[in-house]
file entry-v1.txt (compact mmCIF, C-alpha atoms)
# COMPACT_ATOMS: atom_id res chain seq x y z
CA MET Z 287 64.73 119.89 206.04
CA ASP Z 288 64.30 121.24 202.50
CA SER Z 289 62.24 119.70 199.70
CA LEU Z 290 65.19 117.84 198.14
CA ASP Z 291 66.06 116.19 201.46
CA ILE Z 292 62.42 115.16 201.88
CA GLY Z 293 62.44 113.70 198.35
CA ILE Z 294 65.57 111.65 199.04
CA LEU Z 295 64.17 110.49 202.40
CA GLY Z 296 60.87 109.55 200.75
CA PHE Z 297 62.67 107.47 198.16
CA VAL Z 298 64.67 105.67 200.85
CA VAL Z 299 61.51 105.01 202.91
CA LEU Z 300 59.80 103.63 199.81
CA LEU Z 301 62.66 101.21 199.15
CA VAL Z 302 62.53 100.08 202.79
CA LEU Z 303 58.78 99.46 202.56
CA LEU Z 304 59.27 97.43 199.37
CA ALA Z 305 62.10 95.49 201.02
CA ILE Z 306 59.74 94.38 203.81
CA ARG Z 307 57.31 93.21 201.11
CA MET Z 308 54.67 95.91 201.37
CA PRO Z 309 52.62 95.94 198.12
CA VAL Z 310 54.03 98.40 195.58
CA GLY Z 311 50.80 100.37 195.20
CA THR Z 312 50.30 100.74 198.96
CA ALA Z 313 53.90 101.84 199.55
CA MET Z 314 53.71 104.52 196.86
CA LEU Z 315 50.32 105.77 198.07
CA ILE Z 316 51.64 106.20 201.62
CA VAL Z 317 54.96 107.81 200.74
CA GLY Z 318 53.52 109.89 197.91
CA THR Z 319 50.67 111.32 199.98
CA ILE Z 320 52.76 112.11 203.06
CA GLY Z 321 55.68 113.43 201.02
CA PHE Z 322 53.43 115.61 198.85
CA GLY Z 323 51.88 117.08 201.99
CA LEU Z 324 55.32 117.90 203.39
CA VAL Z 325 56.71 119.62 200.27
CA HIS Z 326 53.58 121.39 199.01
CA PRO Z 327 53.08 124.95 200.32
CA ARG Z 328 49.42 124.27 201.14
CA GLY Z 329 50.18 121.07 203.03
CA PHE Z 330 48.11 117.94 203.49
CA SER Z 331 44.77 119.33 202.30
CA VAL Z 332 46.17 119.44 198.77
CA ALA Z 333 47.81 116.01 199.24
CA ILE Z 334 44.47 114.39 200.13
CA THR Z 335 42.80 116.10 197.18
CA ASN Z 336 45.61 114.86 194.92
CA LEU Z 337 45.12 111.31 196.24
CA GLY Z 338 41.44 111.26 195.34
CA SER Z 339 41.80 112.99 191.97
CA GLU Z 340 44.66 110.78 190.76
CA ALA Z 341 42.80 107.60 191.75
CA PHE Z 342 39.77 108.75 189.78
CA ASN Z 343 41.78 109.98 186.79
CA ILE Z 344 43.69 106.71 186.34
CA SER Z 345 40.53 104.64 186.74
CA THR Z 346 38.91 106.50 183.84
CA VAL Z 347 41.80 106.51 181.32
CA TYR Z 348 40.33 105.09 178.10
CA SER Z 349 43.62 103.66 176.80
CA LEU Z 350 43.96 101.47 179.91
CA THR Z 351 40.95 99.49 178.68
CA ILE Z 352 43.55 97.60 176.71
CA LEU Z 353 44.82 95.82 179.84
CA PRO Z 354 41.75 93.76 180.81
CA LEU Z 355 40.95 93.03 177.17
CA PHE Z 356 44.37 91.62 176.29
CA ILE Z 357 44.59 89.74 179.60
CA LEU Z 358 41.18 88.21 178.88
CA MET Z 359 42.33 87.33 175.36
CA GLY Z 360 45.29 85.40 176.77
CA ASN Z 361 43.12 83.62 179.34
CA LEU Z 362 40.61 82.60 176.68
CA ALA Z 363 43.46 81.31 174.51
CA GLY Z 364 44.36 78.93 177.33
CA VAL Z 365 40.74 77.84 177.82
CA SER Z 366 40.20 77.18 174.11
CA GLY Z 367 43.34 75.04 173.79
CA MET Z 368 45.05 77.42 171.36
CA SER Z 369 48.13 77.56 173.58
CA ARG Z 370 48.48 73.76 173.34
CA ASP Z 371 48.07 73.93 169.56
CA LEU Z 372 50.83 76.52 169.35
CA TYR Z 373 53.27 74.39 171.33
CA ASP Z 374 52.36 71.29 169.30
CA ALA Z 375 53.12 73.19 166.09
CA ALA Z 376 56.49 74.37 167.44
CA HIS Z 377 57.19 70.82 168.66
CA ALA Z 378 56.37 69.36 165.25
CA TRP Z 379 58.81 71.68 163.47
CA PHE Z 380 61.68 71.86 165.97
CA GLY Z 381 61.29 68.87 168.30
CA HIS Z 382 63.56 66.56 166.28
CA LEU Z 383 66.54 68.92 166.57
CA LYS Z 384 69.08 68.70 169.39
CA GLY Z 385 67.58 70.76 172.17
CA GLY Z 386 64.52 71.11 169.95
CA LEU Z 387 61.98 70.75 172.74
CA ALA Z 388 63.56 73.62 174.67
CA SER Z 389 63.62 75.68 171.45
CA SER Z 390 59.97 74.77 170.88
CA THR Z 391 59.22 76.11 174.33
CA ILE Z 392 60.83 79.45 173.43
CA VAL Z 393 58.86 79.64 170.17
CA GLY Z 394 55.65 78.65 171.95
CA CYS Z 395 56.20 81.28 174.65
CA ALA Z 396 56.88 83.93 172.00
CA GLY Z 397 53.67 83.06 170.18
CA PHE Z 398 51.56 82.92 173.33
CA SER Z 399 53.07 86.24 174.46
CA ALA Z 400 51.51 87.80 171.37
CA LEU Z 401 48.11 86.95 172.87
CA SER Z 402 48.56 87.27 176.62
CA GLY Z 403 50.91 90.22 177.14
CA SER Z 404 51.92 88.66 180.45
CA SER Z 405 55.21 86.99 181.32
CA LEU Z 406 53.69 85.06 184.21
CA ALA Z 407 50.82 83.74 182.07
CA SER Z 408 53.27 82.69 179.35
CA ALA Z 409 55.53 80.87 181.82
CA VAL Z 410 52.64 79.08 183.55
CA THR Z 411 50.70 78.14 180.42
CA MET Z 412 53.59 76.96 178.28
CA GLY Z 413 55.44 75.46 181.25
CA ARG Z 414 52.56 73.10 182.04
CA VAL Z 415 52.57 71.94 178.43
CA ALA Z 416 56.32 71.83 177.76
CA LEU Z 417 57.87 70.55 180.99
CA PRO Z 418 56.32 67.05 180.90
CA GLU Z 419 57.54 66.66 177.31
CA MET Z 420 61.11 67.68 178.14
CA GLN Z 421 61.13 65.40 181.18
CA ARG Z 422 59.86 62.53 179.03
CA PHE Z 423 62.83 62.99 176.70
CA ARG Z 424 65.20 63.18 179.69
CA TYR Z 425 66.23 66.83 179.30
CA ASP Z 426 68.47 68.26 181.98
CA ASP Z 427 66.34 69.96 184.65
CA ALA Z 428 68.32 73.20 184.48
CA LEU Z 429 67.89 73.50 180.69
CA ALA Z 430 64.21 72.57 180.81
CA THR Z 431 63.19 74.93 183.61
CA GLY Z 432 65.54 77.70 182.46
CA SER Z 433 64.01 77.74 178.98
CA ILE Z 434 60.49 78.00 180.46
CA ALA Z 435 61.42 80.82 182.85
CA ALA Z 436 63.27 82.74 180.13
CA GLY Z 437 60.67 82.11 177.43
CA GLY Z 438 57.99 83.46 179.73
CA THR Z 439 59.79 86.80 179.99
CA LEU Z 440 58.96 87.47 176.34
CA GLY Z 441 55.42 88.26 177.51
CA ILE Z 442 56.37 91.84 178.45
CA LEU Z 443 58.31 92.53 175.24
CA ILE Z 444 56.32 90.97 172.40
CA PRO Z 445 53.07 92.92 171.90
CA PRO Z 446 50.55 93.14 173.40
CA SER Z 447 52.72 93.90 176.41
CA ALA Z 448 51.40 95.05 179.78
CA GLY Z 449 54.84 96.53 180.41
CA PHE Z 450 54.56 98.75 177.33
CA VAL Z 451 51.04 99.84 178.32
CA VAL Z 452 52.24 100.98 181.75
CA TYR Z 453 55.32 102.63 180.22
CA ALA Z 454 53.12 104.45 177.68
CA ILE Z 455 50.78 105.77 180.38
CA LEU Z 456 53.66 106.97 182.56
CA THR Z 457 55.57 108.64 179.70
CA GLU Z 458 52.57 109.69 177.55
CA GLU Z 459 53.97 107.82 174.54
CA SER Z 460 51.87 105.99 171.94
CA ILE Z 461 50.86 102.46 172.96
CA GLY Z 462 50.61 101.42 169.32
CA ARG Z 463 54.10 102.66 168.48
CA LEU Z 464 55.54 100.92 171.54
CA PHE Z 465 53.82 97.68 170.54
CA MET Z 466 55.35 97.88 167.08
CA ALA Z 467 58.75 98.71 168.60
CA GLY Z 468 58.65 95.44 170.53
CA VAL Z 469 58.06 93.15 167.53
CA LEU Z 470 61.54 92.92 165.98
CA PRO Z 471 63.41 93.01 169.32
CA GLY Z 472 61.06 90.24 170.50
CA ILE Z 473 61.98 88.13 167.47
CA LEU Z 474 65.65 88.99 168.00
CA LEU Z 475 65.52 87.95 171.66
CA SER Z 476 63.68 84.72 170.82
CA GLY Z 477 66.42 83.92 168.31
CA LEU Z 478 69.12 84.65 170.89
CA PHE Z 479 67.39 82.30 173.35
CA VAL Z 480 67.29 79.52 170.75
CA PHE Z 481 70.96 80.19 169.98
CA ALA Z 482 71.77 79.96 173.71
CA ILE Z 483 70.08 76.54 173.80
CA TRP Z 484 72.03 75.41 170.73
CA VAL Z 485 75.35 76.50 172.27
CA GLN Z 486 74.60 74.66 175.52
CA VAL Z 487 73.58 71.43 173.80
CA LYS Z 488 76.52 71.67 171.39
CA ARG Z 489 78.95 71.91 174.30
CA ARG Z 490 77.17 69.35 176.46
CA PRO Z 491 75.02 66.92 174.43
CA GLU Z 492 73.95 65.15 177.63
CA LEU Z 493 71.71 68.13 178.45
CA ALA Z 494 69.29 66.94 175.76
CA PRO Z 495 70.12 63.25 175.27
CA VAL Z 496 67.02 62.25 173.29
CA SER Z 497 65.28 64.00 170.41
CA ALA Z 498 61.73 63.54 169.24
CA ALA Z 499 61.17 61.72 165.96
CA ARG Z 500 61.24 63.86 162.81
CA LEU Z 501 57.65 64.13 161.58
CA PRO Z 502 56.72 63.95 157.90
CA LEU Z 503 56.06 67.28 156.21
CA GLY Z 504 52.34 66.56 156.03
CA GLU Z 505 52.05 66.10 159.79
CA ARG Z 506 54.06 69.25 160.43
CA MET Z 507 51.80 71.24 158.12
CA ALA Z 508 48.74 69.76 159.83
CA ALA Z 509 50.09 70.85 163.24
CA LEU Z 510 50.69 74.31 161.85
CA GLY Z 511 47.15 74.35 160.50
CA ARG Z 512 45.72 73.51 163.94
CA ALA Z 513 47.60 76.52 165.28
CA GLY Z 514 46.01 78.66 162.57
CA TRP Z 515 43.48 80.15 164.97
CA ILE Z 516 46.05 81.68 167.28
CA ILE Z 517 48.32 82.72 164.39
CA GLY Z 518 45.36 84.37 162.67
CA ILE Z 519 44.33 86.32 165.77
CA ILE Z 520 47.92 87.52 166.27
CA LEU Z 521 48.17 88.67 162.65
CA ILE Z 522 44.80 90.44 162.77
CA THR Z 523 45.48 92.33 166.01
CA ILE Z 524 49.13 93.25 165.51
CA GLY Z 525 48.79 93.70 161.74
CA GLY Z 526 45.73 95.90 162.23
CA ILE Z 527 47.63 98.20 164.57
CA TYR Z 528 50.58 98.43 162.17
CA GLY Z 529 48.35 99.07 159.17
CA GLY Z 530 46.36 101.78 160.94
CA VAL Z 531 43.11 99.79 160.56
CA PHE Z 532 42.39 100.18 164.27
CA ASP Z 533 44.15 101.46 167.35
CA ALA Z 534 45.58 99.37 170.19
CA VAL Z 535 42.41 99.44 172.31
CA GLU Z 536 40.24 98.39 169.38
CA ALA Z 537 42.74 95.62 168.58
CA ALA Z 538 42.42 94.35 172.16
CA GLY Z 539 38.63 94.25 171.90
CA ILE Z 540 38.75 92.44 168.55
CA GLY Z 541 41.32 89.95 169.86
CA ALA Z 542 39.27 89.17 172.98
CA PHE Z 543 36.13 88.69 170.88
CA LEU Z 544 37.90 86.39 168.40
CA SER Z 545 39.35 84.32 171.25
CA PHE Z 546 35.89 83.94 172.77
CA LEU Z 547 34.57 82.98 169.32
CA VAL Z 548 37.18 80.19 169.10
CA CYS Z 549 36.04 78.96 172.53
CA LEU Z 550 32.48 78.82 171.22
CA ILE Z 551 33.44 77.02 168.02
CA ARG Z 552 35.45 74.44 169.95
CA GLY Z 553 32.75 73.92 172.55
CA LYS Z 554 34.96 75.15 175.40
CA VAL Z 555 32.51 77.67 176.87
CA ARG Z 556 31.91 76.04 180.25
CA TRP Z 557 31.02 77.96 183.40
CA ALA Z 558 33.97 76.82 185.53
CA GLU Z 559 36.60 77.75 182.90
CA MET Z 560 34.91 81.05 181.98
CA LYS Z 561 34.58 82.02 185.64
CA GLU Z 562 38.27 81.32 186.28
CA ALA Z 563 39.31 83.27 183.17
CA LEU Z 564 37.22 86.28 184.18
CA LEU Z 565 38.37 86.22 187.81
CA HIS Z 566 42.03 86.00 186.74
CA THR Z 567 41.47 88.93 184.37
CA LEU Z 568 39.89 91.02 187.13
CA ARG Z 569 42.64 90.21 189.64
CA SER Z 570 45.44 91.05 187.20
CA THR Z 571 43.73 94.25 186.07
CA ALA Z 572 43.02 95.43 189.63
CA THR Z 573 46.65 94.82 190.65
CA THR Z 574 47.97 96.82 187.70
CA PHE Z 575 45.54 99.69 188.26
CA TYR Z 576 46.43 99.84 191.95
CA ILE Z 577 50.13 100.13 191.08
CA LEU Z 578 49.40 102.87 188.54
CA ILE Z 579 47.30 104.85 191.03
CA GLY Z 580 50.17 104.63 193.50
CA ALA Z 581 52.62 105.75 190.81
CA PHE Z 582 50.55 108.80 189.88
CA VAL Z 583 50.33 109.81 193.55
CA PHE Z 584 54.04 109.26 194.09
CA THR Z 585 55.25 111.00 190.91
CA PRO Z 586 54.02 114.55 191.77
CA PHE Z 587 55.77 114.30 195.15
CA ILE Z 588 59.08 113.35 193.48
CA ALA Z 589 58.71 116.12 190.88
CA LEU Z 590 57.83 118.75 193.49
CA SER Z 591 60.77 117.74 195.70
CA GLY Z 592 63.22 118.65 192.92
CA LEU Z 593 64.92 115.24 192.98
CA PRO Z 594 64.78 114.67 189.18
CA THR Z 595 66.23 118.14 188.58
CA ALA Z 596 69.05 117.52 191.06
CA LEU Z 597 69.84 114.14 189.54
CA SER Z 598 69.82 115.62 186.05
CA GLY Z 599 72.16 118.41 187.17
CA TRP Z 600 74.54 115.87 188.70
CA LEU Z 601 74.68 113.85 185.46
CA VAL Z 602 75.20 117.00 183.39
CA GLY Z 603 78.05 117.90 185.73
CA LEU Z 604 79.76 114.64 184.80
CA GLU Z 605 79.92 115.94 181.19
CA ALA Z 606 79.16 112.43 179.98
CA SER Z 607 77.68 111.63 176.58
CA ALA Z 608 74.09 110.50 176.13
CA THR Z 609 75.27 106.93 175.54
CA VAL Z 610 77.23 106.84 178.81
CA VAL Z 611 74.27 108.23 180.76
CA LEU Z 612 71.96 105.70 179.08
CA VAL Z 613 74.27 102.82 179.99
CA ILE Z 614 74.50 104.06 183.59
CA CYS Z 615 70.70 104.10 183.84
CA LEU Z 616 70.37 100.60 182.35
CA LEU Z 617 72.99 99.21 184.73
CA ALA Z 618 71.11 100.77 187.64
CA PHE Z 619 67.88 99.13 186.44
CA ILE Z 620 69.64 95.76 186.16
CA ALA Z 621 70.82 96.14 189.77
CA LEU Z 622 67.29 97.12 190.90
CA GLY Z 623 65.94 94.04 189.11
CA THR Z 624 67.73 91.78 191.56
CA PHE Z 625 65.43 92.82 194.40
CA LEU Z 626 62.48 94.73 192.90
CA GLU Z 627 59.57 93.56 190.73
CA GLY Z 628 59.39 94.91 187.18
CA PHE Z 629 56.38 97.22 187.56
CA ALA Z 630 57.95 98.65 190.72
CA ILE Z 631 61.09 99.56 188.78
CA LEU Z 632 58.99 101.19 186.05
CA VAL Z 633 56.96 103.39 188.34
CA LEU Z 634 59.91 104.24 190.60
CA ALA Z 635 62.54 104.95 187.96
CA LEU Z 636 60.63 106.69 185.17
CA PRO Z 637 59.82 109.88 187.11
CA LEU Z 638 63.56 110.24 187.73
CA VAL Z 639 65.04 109.24 184.39
CA GLN Z 640 62.48 110.48 181.86
CA PRO Z 641 63.49 114.17 182.16
CA ILE Z 642 67.14 113.14 181.91
CA MET Z 643 66.63 110.98 178.81
CA GLU Z 644 64.53 113.65 177.10
CA GLY Z 645 67.14 116.26 178.00
CA TYR Z 646 69.79 114.20 176.21
CA GLY Z 647 67.53 113.73 173.20
CA VAL Z 648 67.07 109.97 173.69
CA ASN Z 649 64.17 108.51 171.72
CA MET Z 650 61.69 107.40 174.40
CA ILE Z 651 60.21 104.62 172.24
CA TRP Z 652 63.67 103.07 171.86
CA PHE Z 653 64.40 103.65 175.53
CA GLY Z 654 61.14 101.89 176.40
CA VAL Z 655 62.24 98.77 174.55
CA LEU Z 656 65.61 98.77 176.32
CA MET Z 657 63.94 99.27 179.67
CA VAL Z 658 61.45 96.43 179.12
CA ILE Z 659 64.29 94.04 178.25
CA VAL Z 660 66.02 95.06 181.48
CA LEU Z 661 62.77 94.29 183.31
CA GLU Z 662 62.79 90.88 181.62
CA MET Z 663 66.24 90.29 183.08
CA GLY Z 664 64.84 91.12 186.50
CA LEU Z 665 62.13 88.47 186.09
CA ILE Z 666 64.79 85.75 186.20
CA SER Z 667 67.50 87.47 188.28
CA PRO Z 668 68.26 85.99 191.70
CA PRO Z 669 67.15 86.22 194.40
CA VAL Z 670 63.72 87.68 193.56
CA GLY Z 671 63.17 86.49 189.95
CA ILE Z 672 59.40 85.99 189.86
CA ASN Z 673 59.43 83.67 186.83
CA VAL Z 674 61.83 81.34 188.65
CA PHE Z 675 59.33 80.95 191.48
CA ILE Z 676 56.53 80.41 188.95
CA VAL Z 677 58.51 77.60 187.34
CA LYS Z 678 59.29 76.18 190.78
CA GLY Z 679 55.55 75.88 191.31
CA ILE Z 680 55.25 73.91 188.07
CA ALA Z 681 58.31 71.76 188.85
CA PRO Z 682 58.25 71.30 192.66
CA ASP Z 683 60.81 68.46 192.54
CA VAL Z 684 63.48 70.61 190.86
CA PRO Z 685 65.73 72.45 193.39
CA MET Z 686 65.65 76.24 193.21
CA ASN Z 687 69.42 76.49 192.63
CA THR Z 688 69.03 74.19 189.60
CA ILE Z 689 66.44 76.53 188.08
CA PHE Z 690 68.64 79.57 188.72
CA ARG Z 691 71.57 77.72 187.15
CA GLY Z 692 69.48 77.17 184.04
CA ILE Z 693 68.57 80.83 183.54
CA TRP Z 694 72.10 82.29 183.25
CA PRO Z 695 72.65 81.51 179.53
CA PHE Z 696 69.36 83.27 178.77
CA TRP Z 697 70.20 86.20 181.06
CA LEU Z 698 73.43 86.66 179.10
CA ALA Z 699 71.44 86.41 175.84
CA MET Z 700 69.30 89.33 177.05
CA LEU Z 701 72.45 91.31 177.78
CA VAL Z 702 73.66 90.62 174.24
CA GLY Z 703 70.25 91.75 172.96
CA ILE Z 704 70.58 95.07 174.80
CA VAL Z 705 74.06 95.63 173.32
CA ILE Z 706 72.73 94.90 169.81
CA LEU Z 707 69.87 97.40 170.28
CA LEU Z 708 72.28 100.02 171.61
CA LEU Z 709 74.39 99.60 168.48
CA ALA Z 710 71.43 99.31 166.09
CA PRO Z 711 68.43 101.35 167.39
CA ASP Z 712 66.62 100.93 164.05
CA ILE Z 713 65.78 97.33 164.99
CA ALA Z 714 63.31 98.79 167.48
CA LEU Z 715 62.36 101.93 165.54
CA LEU Z 716 61.83 100.52 162.04
CA LEU Z 717 58.20 99.40 162.47
CA PRO Z 718 57.04 102.38 164.56
CA ASN Z 719 58.51 104.75 161.98
CA THR Z 720 56.79 103.03 159.06
CA MET Z 721 53.39 102.23 160.60
CA PHE Z 722 50.23 103.97 159.41
CA GLY Z 723 48.07 106.15 161.66
call {"tool": "encode", "arguments": {"input": "entry-v1.txt", "output": "structure tokens"}}
result
Amino acid sequence: MDSLDIGILGFVVLLVLLAIRMPVGTAMLIVGTIGFGLVHPRGFSVAITNLGSEAFNISTVYSLTILPLFILMGNLAGVSGMSRDLYDAAHAWFGHLKGGLASSTIVGCAGFSALSGSSLASAVTMGRVALPEMQRFRYDDALATGSIAAGGTLGILIPPSAGFVVYAILTEESIGRLFMAGVLPGILLSGLFVFAIWVQVKRRPELAPVSAARLPLGERMAALGRAGWIIGIILITIGGIYGGVFDAVEAAGIGAFLSFLVCLIRGKVRWAEMKEALLHTLRSTATTFYILIGAFVFTPFIALSGLPTALSGWLVGLEASATVVLVICLLAFIALGTFLEGFAILVLALPLVQPIMEGYGVNMIWFGVLMVIVLEMGLISPPVGINVFIVKGIAPDVPMNTIFRGIWPFWLAMLVGIVILLLAPDIALLLPNTMFG
């Protein structure tokens, strides 16, 4: 069996291990170490050395400091009540419109995503706040839960995004530039979600039979003022990166400190809440690092097997344009998203497709945005959509098929967003190309 056959077999074994629900990091460590030992001329002694060195190298990457800091910032935002203030402000401005509470949920998720960088945290935090309100105004269960599940996906597109951090580490691209590339597409996708809600309610008014009362301008401005803390932190961190005042890691540290400062000012620094925020930060960080260690053990095996080169040669043999190859890759990722978790797709697919995309001259910042949106689609795609199960935990009385029925308009909105970005790449590249530093 030659190296290419071993590479293909290793990939198949990895997919089988993931299908039986083995953790992503563990599966890649096993397959990567054994496969590397089989294809390397010096055998398993080098594979074991590679296992130890990659684990140490990833654990000491300075830029990955951004992950625990931004996760902590999002957790502290929940403890301080800033997430509730953000939803209340969105509710005050949009709640009186038809479907306004669902639109407020999307806006709230988008804003909270700019602090947490996590789709799951956005779905859980905003879902607990928004779902009771939508149920009180007799919103259709599918619309209510679908808007929460879809809104939560914005957490891996709108900076700070854990998805962009992992993508940047795997592709050696700039985290700051990727963050900036996600801003306008994030706003675009939020607008498409709101439009999807408007279309649904326009066609079927019974989905949102009751609207909240229109608040006077003074009350709406007051609600916006109470959300000033979270808006200010977002502007300082993201604006500082764009203006070249500080890099992404420094922005994460400043954001976490400011969030803790708000907790102090509001008297929310209590042991139980702080302990839970820190433990959640540690768990999320450890999970991400474990996946990255597995990816960096698995990637050398795939490269050494010659699988990326063979795949690239096959695509070149098709004599297809860069756009056709890009579309083929995105469709493959969408298919993978129906049964694989987002980080798994990132670490599995990038070693294969990055050489191909670079060979065709595709801008990897732009490609990163497209790939993250595809991962968002996977978060709500049946049967494995993680955000759907998160929302099910918040709304145990709502049948699973009802939640999945509610996500399809938003899934189609994401597809429209991808088409728009394919036709107009500058939406993603404008800010990265004009940022300082």
call {"tool": "closest_residue", "arguments": {"input": "entry-v1.txt", "among": "Z:Thr431, Z:Asn687, Z:Thr411, Z:Thr574", "to": "Ile344 in chain Z", "atoms": "all atoms listed in the file"}}
result
Z:Thr574
call {"tool": "closest_residue", "arguments": {"input": "entry-v1.txt", "among": "Z:Leu550, Z:Ile519, Z:Ala435, Z:Leu661", "to": "Leu622 in chain Z", "atoms": "only C-alpha atoms"}}
result
Z:Leu661
call {"tool": "residues_around", "arguments": {"input": "entry-v1.txt", "residues": "range 417-426 of chain Z", "least_positions_apart": "4", "cutoff": "8 Å", "atoms": "all atoms listed in the file", "output": "ChimeraX atom specification"}}
result
/Z:387-388,413,430-431,434,492-498,681
call {"tool": "write_last_selection", "arguments": {"input": "entry-v1.txt", "atoms": "C-alpha atoms", "output": "PDB file, in the coordinates of the input"}}
result
ATOM      1  CA  LEU Z 387      61.980  70.750 172.740  1.00  0.00           C
ATOM      2  CA  ALA Z 388      63.560  73.620 174.670  1.00  0.00           C
ATOM      3  CA  GLY Z 413      55.440  75.460 181.250  1.00  0.00           C
ATOM      4  CA  ALA Z 430      64.210  72.570 180.810  1.00  0.00           C
ATOM      5  CA  THR Z 431      63.190  74.930 183.610  1.00  0.00           C
ATOM      6  CA  ILE Z 434      60.490  78.000 180.460  1.00  0.00           C
ATOM      7  CA  GLU Z 492      73.950  65.150 177.630  1.00  0.00           C
ATOM      8  CA  LEU Z 493      71.710  68.130 178.450  1.00  0.00           C
ATOM      9  CA  ALA Z 494      69.290  66.940 175.760  1.00  0.00           C
ATOM     10  CA  PRO Z 495      70.120  63.250 175.270  1.00  0.00           C
ATOM     11  CA  VAL Z 496      67.020  62.250 173.290  1.00  0.00           C
ATOM     12  CA  SER Z 497      65.280  64.000 170.410  1.00  0.00           C
ATOM     13  CA  ALA Z 498      61.730  63.540 169.240  1.00  0.00           C
ATOM     14  CA  ALA Z 681      58.310  71.760 188.850  1.00  0.00           C
TER      15      ALA Z 681
END
call {"tool": "closest_residue", "arguments": {"input": "entry-v1.txt", "among": "Z:Val310, Z:Met657, Z:Met560, Z:Ile642", "to": "Ser598 in chain Z", "atoms": "only C-alpha atoms"}}
result
Z:Ile642
call {"tool": "closest_atom_pairs", "arguments": {"input": "entry-v1.txt", "of": "range 503-587 of chain Z", "to": "range 397-410 of chain Z", "cutoff": "9 Å", "atoms": "only C-alpha atoms", "output": "JSON lines"}}
result
{"residue": "Z:Ile516", "atom": "CA", "partner": "Z:Leu401", "partner_atom": "CA", "distance": 8.0}
{"residue": "Z:Ile517", "atom": "CA", "partner": "Z:Gly397", "partner_atom": "CA", "distance": 7.9}
{"residue": "Z:Ile519", "atom": "CA", "partner": "Z:Leu401", "partner_atom": "CA", "distance": 8.1}
{"residue": "Z:Ile520", "atom": "CA", "partner": "Z:Ala400", "partner_atom": "CA", "distance": 6.2}
{"residue": "Z:Ile524", "atom": "CA", "partner": "Z:Ala400", "partner_atom": "CA", "distance": 8.3}
{"residue": "Z:Gly541", "atom": "CA", "partner": "Z:Leu401", "partner_atom": "CA", "distance": 8.0}
call {"tool": "atom_distance", "arguments": {"input": "entry-v1.txt", "atom1": "CA of Ala499 in chain Z", "atom2": "CA of Tyr373 in chain Z"}}
result
15.9 Å
call {"tool": "atom_distance", "arguments": {"input": "entry-v1.txt", "atom1": "CA of Ile527 in chain Z", "atom2": "CA of Met412 in chain Z"}}
result
26.0 Å
call {"tool": "closest_atom_pairs", "arguments": {"input": "entry-v1.txt", "of": "range 462-497 of chain Z", "to": "range 533-536 of chain Z", "cutoff": "10 Å", "atoms": "only C-alpha atoms", "output": "Markdown table"}}
result
| residue | atom | partner | partner_atom | distance |
| --- | --- | --- | --- | --- |
| Z:Gly462 | CA | Z:Ala534 | CA | 5.5 |
| Z:Arg463 | CA | Z:Ala534 | CA | 9.3 |
| Z:Phe465 | CA | Z:Ala534 | CA | 8.4 |
call {"tool": "atom_distance", "arguments": {"input": "entry-v1.txt", "atom1": "CA of Arg328 in chain Z", "atom2": "CA of Leu304 in chain Z"}}
result
28.6 Å
call {"tool": "closest_residue", "arguments": {"input": "entry-v1.txt", "among": "Z:Leu501, Z:Ile680, Z:Leu475, Z:Ile352", "to": "Trp697 in chain Z", "atoms": "only C-alpha atoms"}}
result
Z:Leu475
call {"tool": "build_atoms", "arguments": {"input": "entry-v1.txt", "residues": "range 656-665 of chain Z", "atoms": "N, CA and C atoms", "output": "CSV table (one decimal), in the frame of the given file"}}
result
chain,number,residue,atom,x,y,z
Z,656,LEU,N,64.4,99.1,175.5
Z,656,LEU,CA,65.6,98.8,176.3
Z,656,LEU,C,65.2,98.5,177.8
Z,657,MET,N,64.3,99.4,178.3
Z,657,MET,CA,63.9,99.3,179.7
Z,657,MET,C,63.1,98.0,179.9
Z,658,VAL,N,62.3,97.6,179.0
Z,658,VAL,CA,61.4,96.4,179.1
Z,658,VAL,C,62.3,95.2,179.1
Z,659,ILE,N,63.4,95.2,178.3
Z,659,ILE,CA,64.3,94.0,178.2
Z,659,ILE,C,65.0,93.9,179.6
Z,660,VAL,N,65.4,95.1,180.1
Z,660,VAL,CA,66.0,95.1,181.5
Z,660,VAL,C,65.0,94.5,182.5
Z,661,LEU,N,63.8,94.8,182.4
Z,661,LEU,CA,62.8,94.3,183.3
Z,661,LEU,C,62.6,92.8,183.1
Z,662,GLU,N,62.8,92.3,181.9
Z,662,GLU,CA,62.8,90.9,181.6
Z,662,GLU,C,63.9,90.2,182.4
Z,663,MET,N,65.1,90.8,182.4
Z,663,MET,CA,66.2,90.3,183.1
Z,663,MET,C,65.9,90.2,184.6
Z,664,GLY,N,65.2,91.2,185.1
Z,664,GLY,CA,64.8,91.1,186.5
Z,664,GLY,C,63.9,90.0,186.8
Z,665,LEU,N,63.1,89.6,185.9
Z,665,LEU,CA,62.1,88.5,186.1
Z,665,LEU,C,62.8,87.1,186.4
